[in-house]
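J.: Quick one: this structure, given as structure tokens, is what I'll be asking you about.
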Amino acid sequence: MDIVVLEELKAYIDPLTADEYEALERSLLAEGCRDALVLWNDILVDGHNRYGICQKHGLPFNTVQNTRFQSMDDVHLWMIEQHLGRRSVSDYQRGVLALRKRAILGARQKAQRDADASAPAPPTDATPDDDADARPPWDDMPVAVSRAELAREAKLSSNQVSMIERIHAQATPEVVEALKAGAISISAAAAVASLPEDEQRSAAHAGKAELKQAAKRARDARKRTKPEGSETTGATGDEPPGDAKALRRRVDELERENAQLRSHIETLQNQLQRLRA
């Protein structure tokens, strides 16, 4: 079989560091490729690094088909689940993966909600779907709609998820790379992400010390703009209440969460009705 490597899937999860790649290569050369590569038809889903090393050194390997994938979203969700459970994944990476999972499941529920709204009502004597057991296990999974649920999924605190959301939405690629390289903490990166993009890039190019100074400037600026006597700085933990864009983002987020909650309630009600029928 000719194995197809899609760059989209290869790049979906952050690549190994140089040290991690070298360690994997040494292991494969010493012990062989013991874990099978996971395929969806002829598309490589899991084992991109192992496949590349085996091809480079002419090492034999085994493959296994995952027959439960029905779409690329299913593939992405499976990859996310696999990596959320790995100890080598950083806190920031787990947070980003959890956000991706929420986005995929949210879009899936919206599509299902729209389809249900346009479909005719089922007959009163309808029986449960005989194919229900054949669906992928994530089809009926509740969407992680709240920050607390996201935090549990990614083994993070709610505050960490809040900061990762801000970094994911506002930080420049240079700041994100500095975070991944360990030059800056999640909290400092979230602070720097509130600065203008030019200032973020300048600080990242200047190095670790300047990034820390930029984070301090951002935090000091928030303190100066914080209303006198207020106990909190907004719903996300450290957004200034006067920041209209931040408030708009928070309103949009809450509206999405409410819509997803309503969708989940509708799904449970429909399942209950089918069971009663």
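Identifiers for the structure tokens are assigned positionally: chains receive A, B, ... in sequence, residues are indexed from 1 per chain, and ligands are indexed from 1 in the order shown.
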Please identify all polymer residues within 8 Å of Ala193 (chain A), counting only C-alpha atoms, omitting same-chain residues fewer than 3 positions from it, and present them as a PyMOL selection string.

T.: chain A and resi 166-167+170-172+175+189-190+196-197+200

J.: Pick from A:Ala181, A:Gly58, A:Val251, A:Met79: nearest to Ala18 (chain A), with only C-alpha atoms counted?

T.: A:Ala181

J.: Point out the residue among A:Ala214, A:Val89, A:Ala191, A:Ala115 with the least atom-to-atom distance to Ala154 (chain A), counting only C-alpha atoms.

T.: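 Looking only at the distances to Ala154 (chain A), the closest residue turns out to be A:Val89.
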
J.: Which of these residues is nearest to Pro60 (chain A), using only C-alpha atoms: A:Leu99, A:Leu77, A:Ile43, A:Cys33?

T.: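 Using only C-alpha atoms, Pro60 (chain A) sits closest to A:Cys33.
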
J.: Compare A:Leu211, A:Ala203, A:Leu29, A:Ile164 by their minimum atom-to-atom distance to Ala183 (chain A), counting only C-alpha atoms, and give me the closest one.

T.: A:Leu211

J.: Between CA of Arg222 (chain A) and CA of Ala188 (chain A), what is the distance in Å, rounded to a tenth?

T.: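 Separation of CA of Arg222 (chain A) and CA of Ala188 (chain A): 13.3 Å.
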
J.: Looking at only C-alpha atoms, which of A:Gln55, A:Ser71, A:Thr225, A:Ser90 is the one that sits closest to Lys155 (chain A)?

T.: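 Residue with the minimum atom-to-atom distance to Lys155 (chain A): A:Ser90.
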
J.: Would you pick out the contacts of Cys54 (chain A) at 9 Å or less, using only C-alpha atoms, so that residues sharing its chain but fewer than 2 positions from it are not included, and give the list as a ChimeraX atom specification?

T.: /A:25,28-29,32-33,49-52,56-61

J.: Just the selected residues (all heavy atoms), exported as a compact mmCIF listing (two decimals), in the first residue's frame, please.

T.:
```txt
# COMPACT_ATOMS: atom_id res chain seq x y z
N GLU A 25 14.54 8.46 17.22
CA GLU A 25 15.33 7.80 16.19
C GLU A 25 16.25 6.75 16.80
O GLU A 25 16.37 5.62 16.28
CB GLU A 25 16.15 8.83 15.39
CG GLU A 25 16.87 8.27 14.19
CD GLU A 25 17.47 9.35 13.32
OE1 GLU A 25 17.83 10.42 13.87
OE2 GLU A 25 17.59 9.13 12.11
N LEU A 28 14.12 3.70 17.78
CA LEU A 28 13.70 2.87 16.66
C LEU A 28 14.86 2.07 16.09
O LEU A 28 14.69 0.90 15.70
CB LEU A 28 13.08 3.76 15.57
CG LEU A 28 11.75 4.43 15.91
CD1 LEU A 28 11.27 5.29 14.75
CD2 LEU A 28 10.69 3.40 16.26
N LEU A 29 16.02 2.67 16.04
CA LEU A 29 17.19 1.95 15.52
C LEU A 29 17.59 0.80 16.44
O LEU A 29 18.05 -0.25 15.99
CB LEU A 29 18.36 2.92 15.33
CG LEU A 29 18.24 3.90 14.17
CD1 LEU A 29 19.35 4.94 14.22
CD2 LEU A 29 18.26 3.16 12.84
N GLY A 32 13.54 -1.21 16.94
CA GLY A 32 12.60 -1.38 15.85
C GLY A 32 11.32 -0.59 16.11
O GLY A 32 11.12 -0.03 17.18
N CYS A 33 10.43 -0.57 15.13
CA CYS A 33 9.16 0.16 15.24
C CYS A 33 8.11 -0.80 15.81
O CYS A 33 7.51 -1.58 15.06
CB CYS A 33 8.73 0.70 13.87
SG CYS A 33 7.29 1.78 13.92
N ASN A 49 6.34 10.78 12.58
CA ASN A 49 7.77 10.77 12.86
C ASN A 49 8.35 9.36 12.71
O ASN A 49 9.42 9.17 12.12
CB ASN A 49 8.04 11.29 14.28
CG ASN A 49 7.73 12.76 14.40
OD1 ASN A 49 8.29 13.60 13.72
ND2 ASN A 49 6.80 13.10 15.29
N ARG A 50 7.63 8.36 13.22
CA ARG A 50 8.10 6.98 13.09
C ARG A 50 8.18 6.56 11.62
O ARG A 50 9.12 5.89 11.20
CB ARG A 50 7.18 6.04 13.88
CG ARG A 50 7.40 6.10 15.39
CD ARG A 50 6.41 5.24 16.14
NE ARG A 50 5.11 5.89 16.23
CZ ARG A 50 3.95 5.28 15.99
NH1 ARG A 50 3.93 4.00 15.64
NH2 ARG A 50 2.82 5.92 16.12
N TYR A 51 7.18 6.96 10.85
CA TYR A 51 7.17 6.62 9.43
C TYR A 51 8.37 7.23 8.71
O TYR A 51 9.05 6.57 7.92
CB TYR A 51 5.86 7.10 8.80
CG TYR A 51 5.77 6.84 7.32
CD1 TYR A 51 5.73 5.54 6.82
CD2 TYR A 51 5.71 7.89 6.41
CE1 TYR A 51 5.63 5.29 5.45
CE2 TYR A 51 5.62 7.67 5.05
CZ TYR A 51 5.58 6.36 4.57
OH TYR A 51 5.50 6.13 3.21
N GLY A 52 8.64 8.52 9.00
CA GLY A 52 9.77 9.17 8.36
C GLY A 52 11.10 8.53 8.71
O GLY A 52 11.97 8.34 7.84
N LYS A 56 13.67 6.50 6.27
CA LYS A 56 15.06 6.96 6.18
C LYS A 56 16.04 5.81 6.34
O LYS A 56 17.05 5.73 5.62
CB LYS A 56 15.30 8.02 7.25
CG LYS A 56 16.74 8.52 7.34
CD LYS A 56 16.85 9.54 8.47
CE LYS A 56 18.30 9.97 8.67
NZ LYS A 56 18.40 10.96 9.82
N HIS A 57 15.74 4.89 7.28
CA HIS A 57 16.70 3.81 7.59
C HIS A 57 16.28 2.45 7.05
O HIS A 57 16.94 1.45 7.33
CB HIS A 57 16.89 3.72 9.10
CG HIS A 57 17.49 4.95 9.72
ND1 HIS A 57 18.83 5.25 9.60
CD2 HIS A 57 16.93 5.95 10.44
CE1 HIS A 57 19.07 6.39 10.24
NE2 HIS A 57 17.94 6.83 10.75
N GLY A 58 15.18 2.41 6.30
CA GLY A 58 14.73 1.13 5.76
C GLY A 58 14.24 0.16 6.82
O GLY A 58 14.41 -1.06 6.67
N LEU A 59 13.63 0.66 7.89
CA LEU A 59 13.15 -0.18 8.98
C LEU A 59 11.74 -0.69 8.66
O LEU A 59 10.91 0.05 8.12
CB LEU A 59 13.12 0.59 10.29
CG LEU A 59 14.45 1.18 10.78
CD1 LEU A 59 14.21 2.01 12.03
CD2 LEU A 59 15.45 0.06 11.06
N PRO A 60 11.44 -1.92 9.00
CA PRO A 60 10.07 -2.44 8.79
C PRO A 60 9.10 -1.85 9.81
O PRO A 60 9.50 -1.46 10.92
CB PRO A 60 10.23 -3.94 8.98
CG PRO A 60 11.40 -4.08 9.91
CD PRO A 60 12.33 -2.95 9.58
N PHE A 61 7.83 -1.79 9.45
CA PHE A 61 6.80 -1.29 10.37
C PHE A 61 5.48 -1.94 10.01
O PHE A 61 5.28 -2.46 8.90
CB PHE A 61 6.68 0.23 10.28
CG PHE A 61 6.39 0.75 8.90
CD1 PHE A 61 5.08 0.82 8.42
CD2 PHE A 61 7.42 1.15 8.06
CE1 PHE A 61 4.81 1.28 7.14
CE2 PHE A 61 7.15 1.61 6.78
CZ PHE A 61 5.85 1.68 6.32
```

J.: Just list as number ranges by chain whatever in region 5-212 of chain A DSSP marks as strand (DSSP E or B).

T.: A: 37-40, 43-46, 63-65

J.: Would you mind telling me which residue in A:His168, A:Asn62, A:Lys216, A:Leu24 lies nearest to Arg100 (chain A) when using only C-alpha atoms?

T.: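 Of the candidates, the smallest distance to Arg100 (chain A) is held by A:His168.
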
J.: Which residues are near Val45 (chain A)? Cut-off 9 Å, only C-alpha atoms, ignore same chain within fewer than 3 positions. Put them as a list in words.

T.: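 Answer for this query is Val5, Leu6, Leu9, Lys10, Leu37, Val38, Leu39, Trp40, His48, Val75, His76 and Met79 of chain A.
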
J.: Between CA of Ala36 (chain A) and CA of Ala98 (chain A), what distance in Å does the model show, to one decimal?

T.: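 Going from CA of Ala36 (chain A) over to CA of Ala98 (chain A) covers 25.7 Å.
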